[in-house]
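Asker: Dumping the structure here so I can ask a few things about it.
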Amino acid sequence: MTSRWDISAVLLDMDGTLLDTEKVYFDSLVAALNAHGYTDDVVAVCHAMIGLPGPECELMLVRRYGEDFPLAEINRTFAANRDEIFRAGLPLKAGAIELLDALRSAERPMAIVTSSSRRSADQHLTLAGIRARFDTVLTRDDVAHCKPSPDLYLLAAKRLRVKPEACVAIEDSNHGVTAAHAAGAITLMVPDMIPPTEETRAKCAAVLPDLNAALAMLRERGAL
């Protein structure tokens, strides 16, 4: 018999989970680095950044390429590459609308929990057409320590006035899973560009192929 989950809220990562943005960020940064003459281990370096907040990614680049690394120029080129792609539309991950519709129909409280800045979160959720669905959006600007620290998830639970262990968190990255699990949330992973490590798998209630499967599991466990 499948055990039921006593759930009070669902906490959703944004990039790579609801929004199909991680590949856009990845390709835009690789292209920016290449355009400025950086080609050594660029793909591996950019892969290591997935799921981390921007300031940590910038620090990784400076550590990897040296103090004379032209961070401002790289950031401008990255932003130009990214924005050009986004002008064609910001896509949602498969099953995102179905999941959000089901949560709304069930009157299940939900929140965005993202390592992005407040400005980026509002902009990207708006471009994707789903900003109005969320009363609670937590970003890296709301905490001193971002993912993989549990602080964002703990704050989200506090804002929704629920216990962290009564929340389901849906994440796409190893860093995000670490944060949600450390907060005590029931954690589902829907991997995007990076597969879960064995350590990450051990922290998940399930690793699922897409958000449709996540919705099915929530229903199966009586969370909706």
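Numbering starts fresh at 1 for the residues of each chain in the structure tokens, the chains themselves are lettered A, B, ... in the order given, and ligands are numbered from 1 as they appear.
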Using DSSP on the backbone, list every residue of range 37-222 of chain A that comes out as strand (DSSP E or B), and give them as a PyMOL selection string.

Answerer: chain A and resi 92+110-113+137-138+167-171+186-189+206-207

Asker: Just N, CA, C and O atoms for this one: save the residues we selected as an mmCIF file, in the first residue's frame.

Answerer:
```cif
data_model
loop_
_atom_site.group_PDB
_atom_site.id
_atom_site.type_symbol
_atom_site.label_atom_id
_atom_site.label_comp_id
_atom_site.auth_asym_id
_atom_site.auth_seq_id
_atom_site.Cartn_x
_atom_site.Cartn_y
_atom_site.Cartn_z
ATOM 1 N N LEU A 92 7.917 27.056 -21.020
ATOM 2 C CA LEU A 92 7.676 26.308 -19.793
ATOM 3 C C LEU A 92 8.088 24.857 -19.988
ATOM 4 O O LEU A 92 8.090 24.337 -21.106
ATOM 5 N N MET A 110 1.171 27.361 -2.614
ATOM 6 C CA MET A 110 2.415 27.081 -3.325
ATOM 7 C C MET A 110 3.274 28.334 -3.359
ATOM 8 O O MET A 110 2.782 29.458 -3.190
ATOM 9 N N ALA A 111 4.569 28.125 -3.572
ATOM 10 C CA ALA A 111 5.511 29.242 -3.634
ATOM 11 C C ALA A 111 6.625 28.902 -4.607
ATOM 12 O O ALA A 111 6.967 27.731 -4.811
ATOM 13 N N ILE A 112 7.198 29.946 -5.199
ATOM 14 C CA ILE A 112 8.426 29.811 -5.977
ATOM 15 C C ILE A 112 9.599 29.966 -5.021
ATOM 16 O O ILE A 112 9.628 30.881 -4.190
ATOM 17 N N VAL A 113 10.582 29.065 -5.139
ATOM 18 C CA VAL A 113 11.788 29.123 -4.321
ATOM 19 C C VAL A 113 12.972 29.035 -5.286
ATOM 20 O O VAL A 113 13.320 27.957 -5.773
ATOM 21 N N VAL A 137 6.868 34.491 -3.743
ATOM 22 C CA VAL A 137 8.053 34.214 -4.561
ATOM 23 C C VAL A 137 9.284 34.542 -3.714
ATOM 24 O O VAL A 137 9.497 35.705 -3.339
ATOM 25 N N LEU A 138 10.072 33.540 -3.382
ATOM 26 C CA LEU A 138 11.279 33.714 -2.587
ATOM 27 C C LEU A 138 12.499 33.611 -3.499
ATOM 28 O O LEU A 138 12.609 32.672 -4.304
ATOM 29 N N CYS A 167 5.736 20.084 3.525
ATOM 30 C CA CYS A 167 5.843 20.635 2.168
ATOM 31 C C CYS A 167 6.452 19.615 1.223
ATOM 32 O O CYS A 167 7.331 18.836 1.611
ATOM 33 N N VAL A 168 5.973 19.631 -0.008
ATOM 34 C CA VAL A 168 6.664 18.940 -1.099
ATOM 35 C C VAL A 168 7.456 19.986 -1.859
ATOM 36 O O VAL A 168 6.928 21.044 -2.223
ATOM 37 N N ALA A 169 8.734 19.705 -2.080
ATOM 38 C CA ALA A 169 9.581 20.580 -2.886
ATOM 39 C C ALA A 169 9.889 19.868 -4.203
ATOM 40 O O ALA A 169 10.196 18.673 -4.209
ATOM 41 N N ILE A 170 9.798 20.608 -5.302
ATOM 42 C CA ILE A 170 10.114 20.043 -6.617
ATOM 43 C C ILE A 170 11.306 20.794 -7.177
ATOM 44 O O ILE A 170 11.261 22.017 -7.349
ATOM 45 N N GLU A 171 12.372 20.060 -7.456
ATOM 46 C CA GLU A 171 13.650 20.632 -7.874
ATOM 47 C C GLU A 171 14.194 19.899 -9.096
ATOM 48 O O GLU A 171 13.806 18.760 -9.373
ATOM 49 N N ILE A 186 9.644 17.064 1.816
ATOM 50 C CA ILE A 186 9.580 15.885 0.943
ATOM 51 C C ILE A 186 10.019 16.343 -0.441
ATOM 52 O O ILE A 186 9.401 17.240 -1.025
ATOM 53 N N THR A 187 11.075 15.760 -0.955
ATOM 54 C CA THR A 187 11.715 16.314 -2.149
ATOM 55 C C THR A 187 11.540 15.415 -3.360
ATOM 56 O O THR A 187 11.881 14.227 -3.325
ATOM 57 N N LEU A 188 11.002 15.993 -4.426
ATOM 58 C CA LEU A 188 10.910 15.326 -5.720
ATOM 59 C C LEU A 188 11.897 15.988 -6.667
ATOM 60 O O LEU A 188 11.980 17.215 -6.707
ATOM 61 N N MET A 189 12.611 15.191 -7.430
ATOM 62 C CA MET A 189 13.548 15.743 -8.406
ATOM 63 C C MET A 189 13.073 15.401 -9.809
ATOM 64 O O MET A 189 12.748 14.249 -10.103
ATOM 65 N N ALA A 206 11.464 10.723 -4.740
ATOM 66 C CA ALA A 206 11.418 10.127 -6.071
ATOM 67 C C ALA A 206 12.181 11.016 -7.041
ATOM 68 O O ALA A 206 12.266 12.224 -6.860
ATOM 69 N N VAL A 207 12.761 10.379 -8.052
ATOM 70 C CA VAL A 207 13.347 11.087 -9.193
ATOM 71 C C VAL A 207 12.462 10.762 -10.391
ATOM 72 O O VAL A 207 12.266 9.595 -10.731
#
```

Asker: Applying 12 Å and only C-alpha atoms, which residues near Gly37 in chain A remain after dropping the ones on its own chain fewer than 6 positions away? List them as a ChimeraX atom specification.

Answerer: /A:30-31,65,69-70,74

Asker: Just to be explicit: take each residue in the selection above, keep C-alpha atoms, and write the result as a PDB file, in the first residue's frame.

Answerer:
```
ATOM      1  CA  VAL A  30      29.443  29.229 -23.198  1.00  0.00           C
ATOM      2  CA  ALA A  31      29.035  31.490 -26.247  1.00  0.00           C
ATOM      3  CA  TYR A  65      40.377  32.098 -15.088  1.00  0.00           C
ATOM      4  CA  PHE A  69      39.018  37.829 -15.920  1.00  0.00           C
ATOM      5  CA  PRO A  70      36.797  40.439 -17.707  1.00  0.00           C
ATOM      6  CA  ILE A  74      31.391  38.561 -20.113  1.00  0.00           C
TER       7      ILE A  74
END
```

Asker: Would you mind reading off the distance between CA of Val190 in chain A and CA of Lys163 in chain A, one decimal, in Å?

Answerer: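 Separation of CA of Val190 in chain A and CA of Lys163 in chain A: 22.9 Å.
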
Asker: Using only C-alpha atoms, which of A:Ala48, A:Met60, A:Leu19, A:Leu71 sits nearest Ala32 in chain A?

Answerer: A:Leu71

Asker: So that I can check the surroundings of Glu220 in chain A, please list as a list of chain:residue names every protein, DNA and RNA residue that reaches within 10 Å of it, counting only C-alpha atoms and ignoring chain neighbours fewer than 5 positions away.

Answerer: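 Contacts, with the query itself left out: A:Thr2, A:Ser3, A:Arg4, A:Trp5, A:Ala214, A:Leu215.
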
Asker: Would you list the contacts of Gly16 in chain A as a PyMOL selection string, taking every protein, DNA or RNA residue within 7 Å and counting only C-alpha atoms, but skipping same-chain residues closer than 5 positions in sequence?

Answerer: chain A and resi 21-22+172+192

Asker: Kindly save the residues from that selection, with all heavy atoms included, as a short mmCIF file (atom, residue, chain, number, x, y, z; two decimals), in the first residue's frame.

Answerer:
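So the final result, stored in result20.cif, reads:
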```
data_model
loop_
_atom_site.label_atom_id
_atom_site.label_comp_id
_atom_site.auth_asym_id
_atom_site.auth_seq_id
_atom_site.Cartn_x
_atom_site.Cartn_y
_atom_site.Cartn_z
N THR A 21 14.75 27.20 -18.87
CA THR A 21 15.74 28.27 -19.05
C THR A 21 17.19 27.82 -18.89
O THR A 21 18.09 28.52 -19.36
CB THR A 21 15.50 29.38 -18.02
OG1 THR A 21 15.34 28.79 -16.72
CG2 THR A 21 14.24 30.17 -18.35
N GLU A 22 17.44 26.70 -18.23
CA GLU A 22 18.82 26.34 -17.91
C GLU A 22 19.68 26.18 -19.17
O GLU A 22 20.83 26.62 -19.19
CB GLU A 22 18.86 25.05 -17.07
CG GLU A 22 18.34 25.22 -15.65
CD GLU A 22 19.22 26.06 -14.76
OE1 GLU A 22 20.17 26.70 -15.25
OE2 GLU A 22 18.95 26.10 -13.55
N ASP A 172 15.12 20.56 -9.80
CA ASP A 172 15.75 19.92 -10.96
C ASP A 172 17.23 19.69 -10.77
O ASP A 172 17.84 18.96 -11.55
CB ASP A 172 15.56 20.79 -12.22
CG ASP A 172 16.43 22.03 -12.18
OD1 ASP A 172 16.18 22.92 -11.36
OD2 ASP A 172 17.38 22.12 -12.99
N ASP A 192 16.98 18.21 -15.03
CA ASP A 192 16.98 18.98 -16.27
C ASP A 192 18.23 18.61 -17.07
O ASP A 192 18.23 17.63 -17.79
CB ASP A 192 16.91 20.47 -15.97
CG ASP A 192 16.79 21.33 -17.21
OD1 ASP A 192 16.27 20.83 -18.23
OD2 ASP A 192 17.21 22.50 -17.19
#
```

Asker: Rank A:Leu125, A:Leu103, A:Ala213, A:Ala183 by their smallest atom-to-atom distance to Val10 in chain A, using only C-alpha atoms, and report the top residue only.

Answerer: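 Under the stated criterion, the closest residue is A:Leu103.
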
Asker: With a distance cut-off of 12 Å and only C-alpha atoms, select the neighbouring residues of Lys158 in chain A, excluding the residue or stretch itself and same-chain residues fewer than 2 positions from it, and output the selection as a PyMOL selection string.

Answerer: chain A and resi 8-9+11+111+136+138+151-156+160-167+183

Asker: Could you work out how far CA of His124 in chain A lies from CA of His181 in chain A, giving the answer in Å with one decimal?

Answerer: 25.7 Å

Asker: Hey, what does DSSP flag as helix (DSSP H, G or I) within range 20-113 of chain A? Can you give it to me as an NGL selection string?

Answerer: :A and (22-35 or 42-49 or 54-65 or 71-86 or 96-105)

Asker: Measuring between only C-alpha atoms, which one of A:Ala94, A:Arg221, A:Ser105, A:Arg131 shows the shortest distance to Thr17 in chain A?

Answerer: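 Of the candidates, the smallest distance to Thr17 in chain A is held by A:Ala94.
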